[in-house]
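*Asks:* Hey, dropping my_file_6.pdb in here, PDB, C-alpha atoms and all ligand atoms:
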```
MODEL        1
ATOM      1  CA  MET U   1       0.000   0.000   0.000
ATOM      2  CA  THR U   2       1.222   3.467  -0.785
ATOM      3  CA  ASP U   3       0.961   6.322   1.679
ATOM      4  CA  LEU U   4      -0.500   9.079  -0.494
ATOM      5  CA  VAL U   5      -0.366  12.596   0.867
ATOM      6  CA  VAL U   6      -2.582  15.306  -0.608
ATOM      7  CA  ARG U   7      -0.689  18.589  -0.990
ATOM      8  CA  ARG U   8      -1.936  22.102  -1.479
ATOM      9  CA  LEU U   9       0.418  23.733  -3.932
ATOM     10  CA  LEU U  10       1.514  27.264  -3.039
ATOM     11  CA  VAL U  11       1.223  28.837  -6.478
ATOM     12  CA  ASP U  12      -0.824  31.773  -7.683
ATOM     13  CA  MET U  13      -2.853  30.448 -10.573
ATOM     14  CA  GLN U  14      -4.701  33.761 -10.970
ATOM     15  CA  ALA U  15      -1.689  35.644 -12.355
ATOM     16  CA  PRO U  16      -1.712  35.664 -16.187
ATOM     17  CA  MET U  17       0.560  33.294 -18.090
ATOM     18  CA  PRO U  18       2.776  34.185 -21.046
ATOM     19  CA  ARG U  19       1.707  32.639 -24.374
ATOM     20  CA  HIS U  20       4.902  30.615 -24.824
ATOM     21  CA  TRP U  21       5.606  30.028 -21.168
ATOM     22  CA  CYS U  22       7.724  26.910 -21.754
ATOM     23  CA  ALA U  23      11.163  28.370 -22.443
ATOM     24  CA  GLY U  24       9.632  30.522 -25.213
ATOM     25  CA  ASP U  25       9.250  27.307 -27.238
ATOM     26  CA  ALA U  26       6.015  27.133 -29.243
ATOM     27  CA  PHE U  27       5.988  23.340 -29.718
ATOM     28  CA  ARG U  28       6.718  22.374 -26.117
ATOM     29  CA  THR U  29       4.230  24.929 -24.804
ATOM     30  CA  ALA U  30       1.534  23.633 -27.175
ATOM     31  CA  LEU U  31       2.142  20.036 -26.101
ATOM     32  CA  PHE U  32       2.003  20.769 -22.354
ATOM     33  CA  ASP U  33      -1.052  22.961 -22.847
ATOM     34  CA  ALA U  34      -2.733  20.124 -24.786
ATOM     35  CA  LEU U  35      -2.094  17.712 -21.918
ATOM     36  CA  SER U  36      -3.461  20.218 -19.429
ATOM     37  CA  MET U  37      -6.640  20.491 -21.510
ATOM     38  CA  SER U  38      -7.227  16.750 -21.182
ATOM     39  CA  PHE U  39      -6.892  16.640 -17.384
ATOM     40  CA  PRO U  40     -10.224  17.908 -16.036
ATOM     41  CA  VAL U  41     -12.150  15.266 -18.014
ATOM     42  CA  GLY U  42      -9.489  12.567 -17.857
ATOM     43  CA  GLU U  43      -8.760  12.831 -14.154
ATOM     44  CA  GLN U  44     -12.472  12.818 -13.314
ATOM     45  CA  PHE U  45     -12.701   9.549 -15.229
ATOM     46  CA  PHE U  46      -9.772   8.134 -13.211
ATOM     47  CA  ILE U  47     -11.425   9.225  -9.954
ATOM     48  CA  ASP U  48     -14.746   7.615 -10.950
ATOM     49  CA  SER U  49     -13.026   4.384 -11.997
ATOM     50  CA  VAL U  50     -11.084   4.091  -8.758
ATOM     51  CA  ARG U  51     -14.061   5.013  -6.559
ATOM     52  CA  ASN U  52     -16.394   2.582  -8.324
ATOM     53  CA  GLY U  53     -13.778  -0.153  -8.384
ATOM     54  CA  PHE U  54     -13.251   0.309  -4.655
ATOM     55  CA  LYS U  55     -16.991  -0.162  -4.031
ATOM     56  CA  GLU U  56     -16.845  -3.550  -5.809
ATOM     57  CA  LEU U  57     -14.173  -4.909  -3.458
ATOM     58  CA  PRO U  58     -15.047  -7.288  -0.615
ATOM     59  CA  ALA U  59     -15.082  -5.638   2.847
ATOM     60  CA  ASP U  60     -11.630  -6.864   3.931
ATOM     61  CA  LEU U  61      -9.992  -5.542   0.767
ATOM     62  CA  GLN U  62     -11.864  -2.253   1.116
ATOM     63  CA  GLU U  63     -10.241  -1.785   4.507
ATOM     64  CA  LYS U  64      -6.847  -2.441   2.972
ATOM     65  CA  PHE U  65      -7.331  -0.072   0.028
ATOM     66  CA  ARG U  66      -9.288   2.728   1.768
ATOM     67  CA  PRO U  67      -6.392   5.124   2.660
ATOM     68  CA  GLU U  68      -4.741   4.679  -0.724
ATOM     69  CA  VAL U  69      -7.997   5.261  -2.604
ATOM     70  CA  GLN U  70      -8.718   8.378  -0.555
ATOM     71  CA  GLY U  71      -5.215   9.668  -1.239
ATOM     72  CA  PHE U  72      -5.546   8.921  -4.959
ATOM     73  CA  VAL U  73      -8.887  10.729  -5.214
ATOM     74  CA  GLY U  74      -7.573  13.698  -3.235
ATOM     75  CA  GLN U  75      -4.462  14.032  -5.400
ATOM     76  CA  GLU U  76      -6.338  13.760  -8.701
ATOM     77  CA  ALA U  77      -9.065  16.150  -7.512
ATOM     78  CA  THR U  78      -6.374  18.720  -6.634
ATOM     79  CA  HIS U  79      -4.709  18.281 -10.046
ATOM     80  CA  ARG U  80      -8.073  18.777 -11.767
ATOM     81  CA  ARG U  81      -8.740  21.955  -9.868
ATOM     82  CA  LEU U  82      -5.387  23.576 -10.629
ATOM     83  CA  HIS U  83      -5.413  22.511 -14.280
ATOM     84  CA  GLY U  84      -8.937  23.939 -14.526
ATOM     85  CA  LEU U  85      -7.466  27.326 -13.497
ATOM     86  CA  TYR U  86      -4.553  26.824 -15.920
ATOM     87  CA  ASN U  87      -7.029  26.057 -18.710
ATOM     88  CA  GLU U  88      -8.951  29.266 -18.012
ATOM     89  CA  HIS U  89      -5.803  31.153 -19.018
ATOM     90  CA  LEU U  90      -5.641  29.091 -22.209
ATOM     91  CA  ASP U  91      -9.236  30.042 -23.004
ATOM     92  CA  LYS U  92      -8.348  33.701 -22.541
ATOM     93  CA  LEU U  93      -5.368  33.292 -24.881
ATOM     94  CA  GLY U  94      -7.776  32.023 -27.570
ATOM     95  CA  TYR U  95      -7.011  28.293 -27.550
ATOM     96  CA  VAL U  96      -9.889  25.875 -28.005
ATOM     97  CA  ASN U  97     -10.051  22.611 -26.084
ATOM     98  CA  ALA U  98     -11.347  19.917 -28.439
ATOM     99  CA  TRP U  99      -9.740  17.000 -26.571
ATOM    100  CA  GLY U 100     -11.870  17.250 -23.419
ATOM    101  CA  PRO U 101     -15.270  17.220 -25.190
ATOM    102  CA  ARG U 102     -14.134  14.445 -27.574
ATOM    103  CA  ALA U 103     -12.985  12.271 -24.647
ATOM    104  CA  LEU U 104     -16.285  12.914 -22.889
ATOM    105  CA  GLU U 105     -18.205  11.729 -25.961
ATOM    106  CA  ARG U 106     -16.067   8.591 -26.187
ATOM    107  CA  MET U 107     -16.653   7.799 -22.509
ATOM    108  CA  LYS U 108     -20.351   7.428 -23.165
ATOM    109  CA  LEU U 109     -19.510   4.135 -24.903
ATOM    110  CA  LEU U 110     -18.302   2.795 -21.550
ATOM    111  CA  GLU U 111     -21.535   3.389 -19.695
ATOM    112  CA  GLY U 112     -22.845   0.078 -18.382
ATOM    113  CA  GLN U 113     -19.489  -1.675 -18.883
ATOM    114  CA  HIS U 114     -17.996  -3.489 -15.881
ATOM    115  CA  VAL U 115     -15.752  -1.278 -13.760
ATOM    116  CA  ARG U 116     -12.826  -3.605 -14.576
ATOM    117  CA  HIS U 117     -12.778  -2.070 -18.076
ATOM    118  CA  TRP U 118     -12.756   1.421 -16.592
ATOM    119  CA  LEU U 119      -9.876   0.430 -14.338
ATOM    120  CA  ALA U 120      -7.904  -1.159 -17.177
ATOM    121  CA  ILE U 121      -8.238   2.091 -19.140
ATOM    122  CA  THR U 122      -7.268   4.136 -16.085
ATOM    123  CA  ALA U 123      -4.275   1.900 -15.357
ATOM    124  CA  ALA U 124      -3.102   2.318 -18.968
ATOM    125  CA  TYR U 125      -3.392   6.129 -18.827
ATOM    126  CA  GLU U 126      -1.722   6.123 -15.425
ATOM    127  CA  HIS U 127       1.185   4.212 -16.948
ATOM    128  CA  PHE U 128       1.506   6.956 -19.567
ATOM    129  CA  THR U 129       1.357   9.688 -16.948
ATOM    130  CA  ALA U 130       3.899   7.881 -14.752
ATOM    131  CA  ILE U 131       6.466   7.466 -17.528
ATOM    132  CA  LEU U 132       5.950  11.026 -18.764
ATOM    133  CA  ALA U 133       6.262  12.212 -15.168
ATOM    134  CA  ASP U 134       9.540  10.380 -14.698
ATOM    135  CA  PHE U 135      10.846  11.865 -17.952
ATOM    136  CA  LEU U 136       9.906  15.361 -16.801
ATOM    137  CA  LEU U 137      11.412  14.928 -13.340
ATOM    138  CA  HIS U 138      14.696  13.827 -14.915
ATOM    139  CA  HIS U 139      14.745  16.781 -17.348
ATOM    140  CA  PRO U 140      13.170  19.692 -15.447
ATOM    141  CA  ASP U 141      15.232  22.233 -17.432
ATOM    142  CA  LEU U 142      13.058  21.473 -20.475
ATOM    143  CA  LEU U 143      10.277  23.435 -18.762
ATOM    144  CA  GLY U 144      12.406  26.598 -18.919
ATOM    145  CA  ASP U 145      12.336  29.460 -16.419
ATOM    146  CA  LYS U 146       9.912  31.859 -18.096
ATOM    147  CA  ASP U 147       7.141  30.955 -15.680
ATOM    148  CA  GLU U 148       8.489  29.327 -12.504
ATOM    149  CA  ARG U 149       4.944  28.796 -11.253
ATOM    150  CA  LEU U 150       3.976  26.574 -14.197
ATOM    151  CA  ALA U 151       7.257  24.662 -14.007
ATOM    152  CA  THR U 152       6.485  23.966 -10.330
ATOM    153  CA  LEU U 153       2.918  22.946 -11.151
ATOM    154  CA  TRP U 154       4.106  20.409 -13.725
ATOM    155  CA  LEU U 155       6.808  18.948 -11.470
ATOM    156  CA  TRP U 156       4.453  18.667  -8.490
ATOM    157  CA  HIS U 157       1.833  16.976 -10.686
ATOM    158  CA  ALA U 158       4.514  14.689 -12.128
ATOM    159  CA  SER U 159       5.735  13.725  -8.645
ATOM    160  CA  GLU U 160       2.257  12.766  -7.468
ATOM    161  CA  GLU U 161       1.542  10.814 -10.673
ATOM    162  CA  SER U 162       4.655   8.814  -9.978
ATOM    163  CA  GLU U 163       3.559   8.358  -6.362
ATOM    164  CA  HIS U 164       0.100   6.940  -7.114
ATOM    165  CA  LYS U 165       0.915   4.988 -10.274
ATOM    166  CA  CYS U 166       0.003   1.628  -8.668
ATOM    167  CA  THR U 167      -3.497   2.425  -7.396
ATOM    168  CA  ALA U 168      -5.659   1.763 -10.488
ATOM    169  CA  PHE U 169      -3.447  -1.168 -11.486
ATOM    170  CA  ASP U 170      -3.746  -2.830  -8.066
ATOM    171  CA  LEU U 171      -7.524  -2.362  -7.974
ATOM    172  CA  TYR U 172      -7.790  -3.899 -11.440
ATOM    173  CA  GLN U 173      -5.797  -6.911 -10.232
ATOM    174  CA  ALA U 174      -7.783  -7.131  -6.985
ATOM    175  CA  LEU U 175     -11.012  -7.311  -8.995
ATOM    176  CA  GLY U 176      -9.630 -10.203 -11.047
ATOM    177  CA  GLY U 177      -8.778  -8.221 -14.202
ATOM    178  CA  SER U 178      -7.062 -10.363 -16.827
ATOM    179  CA  HIS U 179      -3.676  -9.840 -18.457
ATOM    180  CA  GLU U 180      -5.267 -10.057 -21.931
ATOM    181  CA  TRP U 181      -7.757  -7.256 -21.320
ATOM    182  CA  ARG U 182      -5.071  -5.145 -19.653
ATOM    183  CA  LEU U 183      -3.019  -5.320 -22.868
ATOM    184  CA  LYS U 184      -6.027  -4.890 -25.120
ATOM    185  CA  TRP U 185      -6.915  -1.634 -23.370
ATOM    186  CA  MET U 186      -3.303  -0.457 -23.362
ATOM    187  CA  ARG U 187      -3.161  -0.811 -27.179
ATOM    188  CA  ARG U 188      -6.367   1.210 -27.554
ATOM    189  CA  VAL U 189      -5.339   3.813 -25.007
ATOM    190  CA  THR U 190      -1.975   4.222 -26.759
ATOM    191  CA  PHE U 191      -3.733   4.939 -30.046
ATOM    192  CA  PHE U 192      -6.185   7.423 -28.541
ATOM    193  CA  PHE U 193      -3.683   9.126 -26.245
ATOM    194  CA  LEU U 194      -1.121   9.734 -29.005
ATOM    195  CA  THR U 195      -3.612  10.866 -31.640
ATOM    196  CA  ASP U 196      -5.518  13.088 -29.180
ATOM    197  CA  ALA U 197      -2.307  14.670 -27.882
ATOM    198  CA  LEU U 198      -0.994  15.357 -31.396
ATOM    199  CA  ARG U 199      -4.313  16.718 -32.665
ATOM    200  CA  GLN U 200      -4.631  19.110 -29.736
ATOM    201  CA  THR U 201      -0.980  20.184 -30.026
ATOM    202  CA  PHE U 202      -1.425  21.007 -33.737
ATOM    203  CA  ASN U 203      -4.671  22.757 -32.905
ATOM    204  CA  ASN U 204      -2.917  24.958 -30.338
ATOM    205  CA  LEU U 205      -0.066  25.738 -32.734
ATOM    206  CA  ARG U 206      -2.526  26.640 -35.492
ATOM    207  CA  ARG U 207      -4.389  28.982 -33.144
ATOM    208  CA  ASP U 208      -1.288  30.939 -32.215
ATOM    209  CA  GLY U 209       0.041  31.059 -35.770
ATOM    210  CA  THR U 210       3.200  29.019 -35.178
ATOM    211  CA  LEU U 211       2.212  25.736 -36.851
ATOM    212  CA  TRP U 212       4.034  26.370 -40.133
ATOM    213  CA  ARG U 213       7.221  27.835 -38.704
ATOM    214  CA  TRP U 214      10.423  25.919 -39.316
ATOM    215  CA  SER U 215      11.493  26.533 -35.696
ATOM    216  CA  THR U 216       8.346  24.807 -34.406
ATOM    217  CA  TRP U 217       8.988  21.611 -36.367
ATOM    218  CA  LYS U 218      12.684  21.647 -35.562
ATOM    219  CA  SER U 219      11.917  21.924 -31.857
ATOM    220  CA  GLY U 220       9.140  19.314 -32.092
ATOM    221  CA  PHE U 221      11.447  16.811 -33.753
ATOM    222  CA  SER U 222      14.234  17.340 -31.261
ATOM    223  CA  TYR U 223      11.896  17.276 -28.236
ATOM    224  CA  LEU U 224      10.321  14.009 -29.354
ATOM    225  CA  PHE U 225      13.174  12.134 -31.035
ATOM    226  CA  GLY U 226      16.422  13.898 -30.126
ATOM    227  CA  GLN U 227      19.126  12.828 -27.706
ATOM    228  CA  ARG U 228      16.850  13.629 -24.738
ATOM    229  CA  GLY U 229      13.702  13.014 -26.797
ATOM    230  CA  LEU U 230      10.443  12.169 -25.106
ATOM    231  CA  VAL U 231       9.581   9.313 -27.462
ATOM    232  CA  ARG U 232      13.139   7.993 -27.501
ATOM    233  CA  LEU U 233      13.377   7.833 -23.691
ATOM    234  CA  THR U 234       9.861   6.650 -22.838
ATOM    235  CA  TYR U 235       9.450   3.925 -25.457
ATOM    236  CA  GLY U 236      11.276   1.318 -23.310
ATOM    237  CA  PRO U 237       9.307   2.002 -20.102
ATOM    238  CA  TRP U 238       6.031   2.051 -22.115
ATOM    239  CA  ARG U 239       6.876  -1.344 -23.623
ATOM    240  CA  GLU U 240       7.374  -2.926 -20.185
ATOM    241  CA  TYR U 241       3.634  -2.703 -19.536
ATOM    242  CA  PHE U 242       3.161  -5.621 -21.966
ATOM    243  CA  ARG U 243       5.131  -8.062 -19.801
ATOM    244  CA  ARG U 244       2.952 -10.610 -18.011
ATOM    245  CA  ASP U 245       4.731  -9.983 -14.691
ATOM    246  CA  PHE U 246       4.721  -6.188 -15.024
ATOM    247  CA  HIS U 247       3.848  -4.075 -11.998
ATOM    248  CA  PRO U 248       4.124  -0.244 -11.895
ATOM    249  CA  SER U 249       6.222  -0.413  -8.702
ATOM    250  CA  GLN U 250       9.033  -2.025 -10.731
ATOM    251  CA  GLN U 251       9.647   1.317 -12.407
ATOM    252  CA  ASP U 252      11.951   3.778 -10.697
ATOM    253  CA  ALA U 253      10.213   6.510  -8.667
ATOM    254  CA  SER U 254      13.268   8.034  -7.006
ATOM    255  CA  ALA U 255      13.032  11.290  -8.980
ATOM    256  CA  SER U 256       9.563  11.882  -7.537
ATOM    257  CA  VAL U 257      10.686  11.154  -3.984
ATOM    258  CA  ARG U 258      13.624  13.517  -4.436
ATOM    259  CA  TRP U 259      11.537  16.367  -5.892
ATOM    260  CA  LEU U 260       9.003  16.172  -3.062
ATOM    261  CA  ARG U 261      11.767  16.055  -0.456
ATOM    262  CA  GLU U 262      13.628  19.032  -1.913
ATOM    263  CA  HIS U 263      10.590  21.252  -2.572
ATOM    264  CA  GLY U 264       8.727  21.087   0.713
ATOM    265  CA  ASP U 265       8.483  24.894   0.666
ATOM    266  CA  GLN U 266       6.270  24.766  -2.443
ATOM    267  CA  PHE U 267       3.304  22.992  -0.873
ATOM    268  CA  VAL U 268       1.399  22.319   2.336
ATOM    269  CA  PRO U 269       0.434  18.721   3.068
ATOM    270  CA  VAL U 270      -3.275  18.512   3.835
ATOM    271  CA  GLY U 271      -3.211  14.849   4.828
ATOM    272  CA  GLN U 272      -5.080  11.966   3.278
ATOM    273  CA  ALA U 273      -8.083  13.230   1.338
ATOM    274  CA  VAL U 274     -11.648  12.791   2.456
ATOM    275  CA  ALA U 275     -13.011  13.279  -1.053
ATOM    276  CA  ALA U 276     -13.673   9.580  -1.718
TER     277      ALA U 276
HETATM  278 FE    FE J 301      -3.114  13.808 -11.999
HETATM  279 FE    FE J 302      -2.914   9.942 -11.893
ENDMDL
END
```
Before anything else, please render the file you have as structure tokens.
Ligand SMILES: [Fe+2]
Ligand SMILES: [Fe+2]
*Replies:*
Amino acid sequence: MTDLVVRRLLVDMQAPMPRHWCAGDAFRTALFDALSMSFPVGEQFFIDSVRNGFKELPADLQEKFRPEVQGFVGQEATHRRLHGLYNEHLDKLGYVNAWGPRALERMKLLEGQHVRHWLAITAAYEHFTAILADFLLHHPDLLGDKDERLATLWLWHASEESEHKCTAFDLYQALGGSHEWRLKWMRRVTFFFLTDALRQTFNNLRRDGTLWRWSTWKSGFSYLFGQRGLVRLTYGPWREYFRRDFHPSQQDASASVRWLREHGDQFVPVGQAVAA
């Protein structure tokens, strides 16, 4: 069981944000902004999956999972709230969130499906967030120093994603989820996550008039496939999910532990959440 602490981040999300807050880089900014746009809908889905999965557990397992589930819900609810404020700035800057509404439409297909499917989808997305989080925590300089507040927000979010990466996976296993369905959902989630992220990134770049600039594509290529490229460095950890004996705890979380230890002045722990 993981001891999940809910933290109130000490950042002012009301202050306006610069258009290209991520090191002045149009591509990286557009990609992070796209991910932020997906969070309010996506993280609500994760919360619902985990809460409903928890309710399906027998009483003894509920006792075992209760603190972790409360911590998970509290962390994701806090992320949703802050990214909601972040996204209000994006609205003001003229960006249009198409990812959130599209994901919401797609979720309607899951209504009435057993919660194991919801948990398999959540576990797959949580694997993506955990490996992206680890990448970010190992390369914090890629966030630049144009807006320290947003860099802190992303690293705090990344640290907590790494912290709670086992919760949905463990609930799926506890409810007897099969290896085959776990992989089936990971293949689908991979397709949707990558296409949604790219579509929204292009959308954001088109809106701010930087889509057809050479510098945007050059930066995009290097950020994804270069020496410290996102795709290059996360492909291996993504692939591990397909192993029969895979468990999220096998993947290194030391960068998250270190960030939380070294940045205690950036947040106030509010204990285990009561939002479940
Ligand atoms: Fe989150
Ligand atoms: Fe998460």
*Asks:* Let me have all residues with an atom within 7 Å of ligand FE 302 (chain J), counting only C-alpha atoms and all ligand atoms, laid out as a list in words.
*Replies:*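 If we count only C-alpha atoms and all ligand atoms, the neighbours of ligand FE 302 (chain J) turn out to be Glu43, Glu76, Glu126, Thr129, Glu161, His164 and Lys165 of chain U.
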*Asks:* Could you work out how far atom CA of Gln14 of chain U lies from atom CA of Gln44 of chain U, giving the answer in Å with one decimal?
*Replies:* 22.5 Å
*Asks:* Evaluate the PyMOL selection byres (((not hetatm)) within 9 of (chain J and resi 301)) here and jot the selected residues down as a PDB file with C-alpha atoms, keeping the file's coordinate frame.
*Replies:*
```pdb
ATOM      1  CA  PHE U  39      -6.892  16.640 -17.384  1.00  0.00           C
ATOM      2  CA  GLY U  42      -9.489  12.567 -17.857  1.00  0.00           C
ATOM      3  CA  GLU U  43      -8.760  12.831 -14.154  1.00  0.00           C
ATOM      4  CA  PHE U  46      -9.772   8.134 -13.211  1.00  0.00           C
ATOM      5  CA  PHE U  72      -5.546   8.921  -4.959  1.00  0.00           C
ATOM      6  CA  GLN U  75      -4.462  14.032  -5.400  1.00  0.00           C
ATOM      7  CA  GLU U  76      -6.338  13.760  -8.701  1.00  0.00           C
ATOM      8  CA  ALA U  77      -9.065  16.150  -7.512  1.00  0.00           C
ATOM      9  CA  THR U  78      -6.374  18.720  -6.634  1.00  0.00           C
ATOM     10  CA  HIS U  79      -4.709  18.281 -10.046  1.00  0.00           C
ATOM     11  CA  ARG U  80      -8.073  18.777 -11.767  1.00  0.00           C
ATOM     12  CA  GLU U 126      -1.722   6.123 -15.425  1.00  0.00           C
ATOM     13  CA  THR U 129       1.357   9.688 -16.948  1.00  0.00           C
ATOM     14  CA  HIS U 157       1.833  16.976 -10.686  1.00  0.00           C
ATOM     15  CA  ALA U 158       4.514  14.689 -12.128  1.00  0.00           C
ATOM     16  CA  GLU U 160       2.257  12.766  -7.468  1.00  0.00           C
ATOM     17  CA  GLU U 161       1.542  10.814 -10.673  1.00  0.00           C
TER      18      GLU U 161
END
```
*Asks:* Run the PyMOL selection byres (((chain U and resi 15) around 12) and not hetatm) against the file shown and list the residues it catches, as a CSV table (one decimal) with C-alpha atoms, keeping the file's coordinate frame.
*Replies:*
```
chain,number,residue,atom,x,y,z
U,11,VAL,CA,1.2,28.8,-6.5
U,12,ASP,CA,-0.8,31.8,-7.7
U,13,MET,CA,-2.9,30.4,-10.6
U,14,GLN,CA,-4.7,33.8,-11.0
U,16,PRO,CA,-1.7,35.7,-16.2
U,17,MET,CA,0.6,33.3,-18.1
U,18,PRO,CA,2.8,34.2,-21.0
U,85,LEU,CA,-7.5,27.3,-13.5
U,86,TYR,CA,-4.6,26.8,-15.9
U,88,GLU,CA,-9.0,29.3,-18.0
U,89,HIS,CA,-5.8,31.2,-19.0
U,147,ASP,CA,7.1,31.0,-15.7
U,148,GLU,CA,8.5,29.3,-12.5
U,149,ARG,CA,4.9,28.8,-11.3
U,150,LEU,CA,4.0,26.6,-14.2
```
*Asks:* So that I can see what lies close to segment 176-178 of chain U, please list as an mmCIF file with C-alpha atoms, keeping the file's coordinate frame the residues with an atom at most 9 Å from it, counting only C-alpha atoms and leaving out residues fewer than 3 positions away in the same chain.
*Replies:*
```cif
data_model
loop_
_atom_site.group_PDB
_atom_site.id
_atom_site.type_symbol
_atom_site.label_atom_id
_atom_site.label_comp_id
_atom_site.auth_asym_id
_atom_site.auth_seq_id
_atom_site.Cartn_x
_atom_site.Cartn_y
_atom_site.Cartn_z
ATOM 1 C CA ARG U 116 -12.826 -3.605 -14.576
ATOM 2 C CA HIS U 117 -12.778 -2.070 -18.076
ATOM 3 C CA LEU U 119 -9.876 0.430 -14.338
ATOM 4 C CA ALA U 120 -7.904 -1.159 -17.177
ATOM 5 C CA LEU U 171 -7.524 -2.362 -7.974
ATOM 6 C CA TYR U 172 -7.790 -3.899 -11.440
ATOM 7 C CA GLN U 173 -5.797 -6.911 -10.232
ATOM 8 C CA TRP U 181 -7.757 -7.256 -21.320
ATOM 9 C CA ARG U 182 -5.071 -5.145 -19.653
ATOM 10 C CA LEU U 183 -3.019 -5.320 -22.868
#
```
*Asks:* Counting all atoms listed in the file, what is within 8 Å of segment 208-223 of chain U, bar same-chain residues fewer than 4 positions away, as a ChimeraX atom specification?
*Replies:* /U:25-28,95,202,204,227-230
*Asks:* Quick one: write out the picked residues with C-alpha atoms as a PDB file, keeping the file's coordinate frame?
*Replies:*
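That gives us again17.pdb:
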```
ATOM      1  CA  ASP U  25       9.250  27.307 -27.238  1.00  0.00           C
ATOM      2  CA  ALA U  26       6.015  27.133 -29.243  1.00  0.00           C
ATOM      3  CA  PHE U  27       5.988  23.340 -29.718  1.00  0.00           C
ATOM      4  CA  ARG U  28       6.718  22.374 -26.117  1.00  0.00           C
ATOM      5  CA  TYR U  95      -7.011  28.293 -27.550  1.00  0.00           C
ATOM      6  CA  PHE U 202      -1.425  21.007 -33.737  1.00  0.00           C
ATOM      7  CA  ASN U 204      -2.917  24.958 -30.338  1.00  0.00           C
ATOM      8  CA  GLN U 227      19.126  12.828 -27.706  1.00  0.00           C
ATOM      9  CA  ARG U 228      16.850  13.629 -24.738  1.00  0.00           C
ATOM     10  CA  GLY U 229      13.702  13.014 -26.797  1.00  0.00           C
ATOM     11  CA  LEU U 230      10.443  12.169 -25.106  1.00  0.00           C
TER      12      LEU U 230
END
```
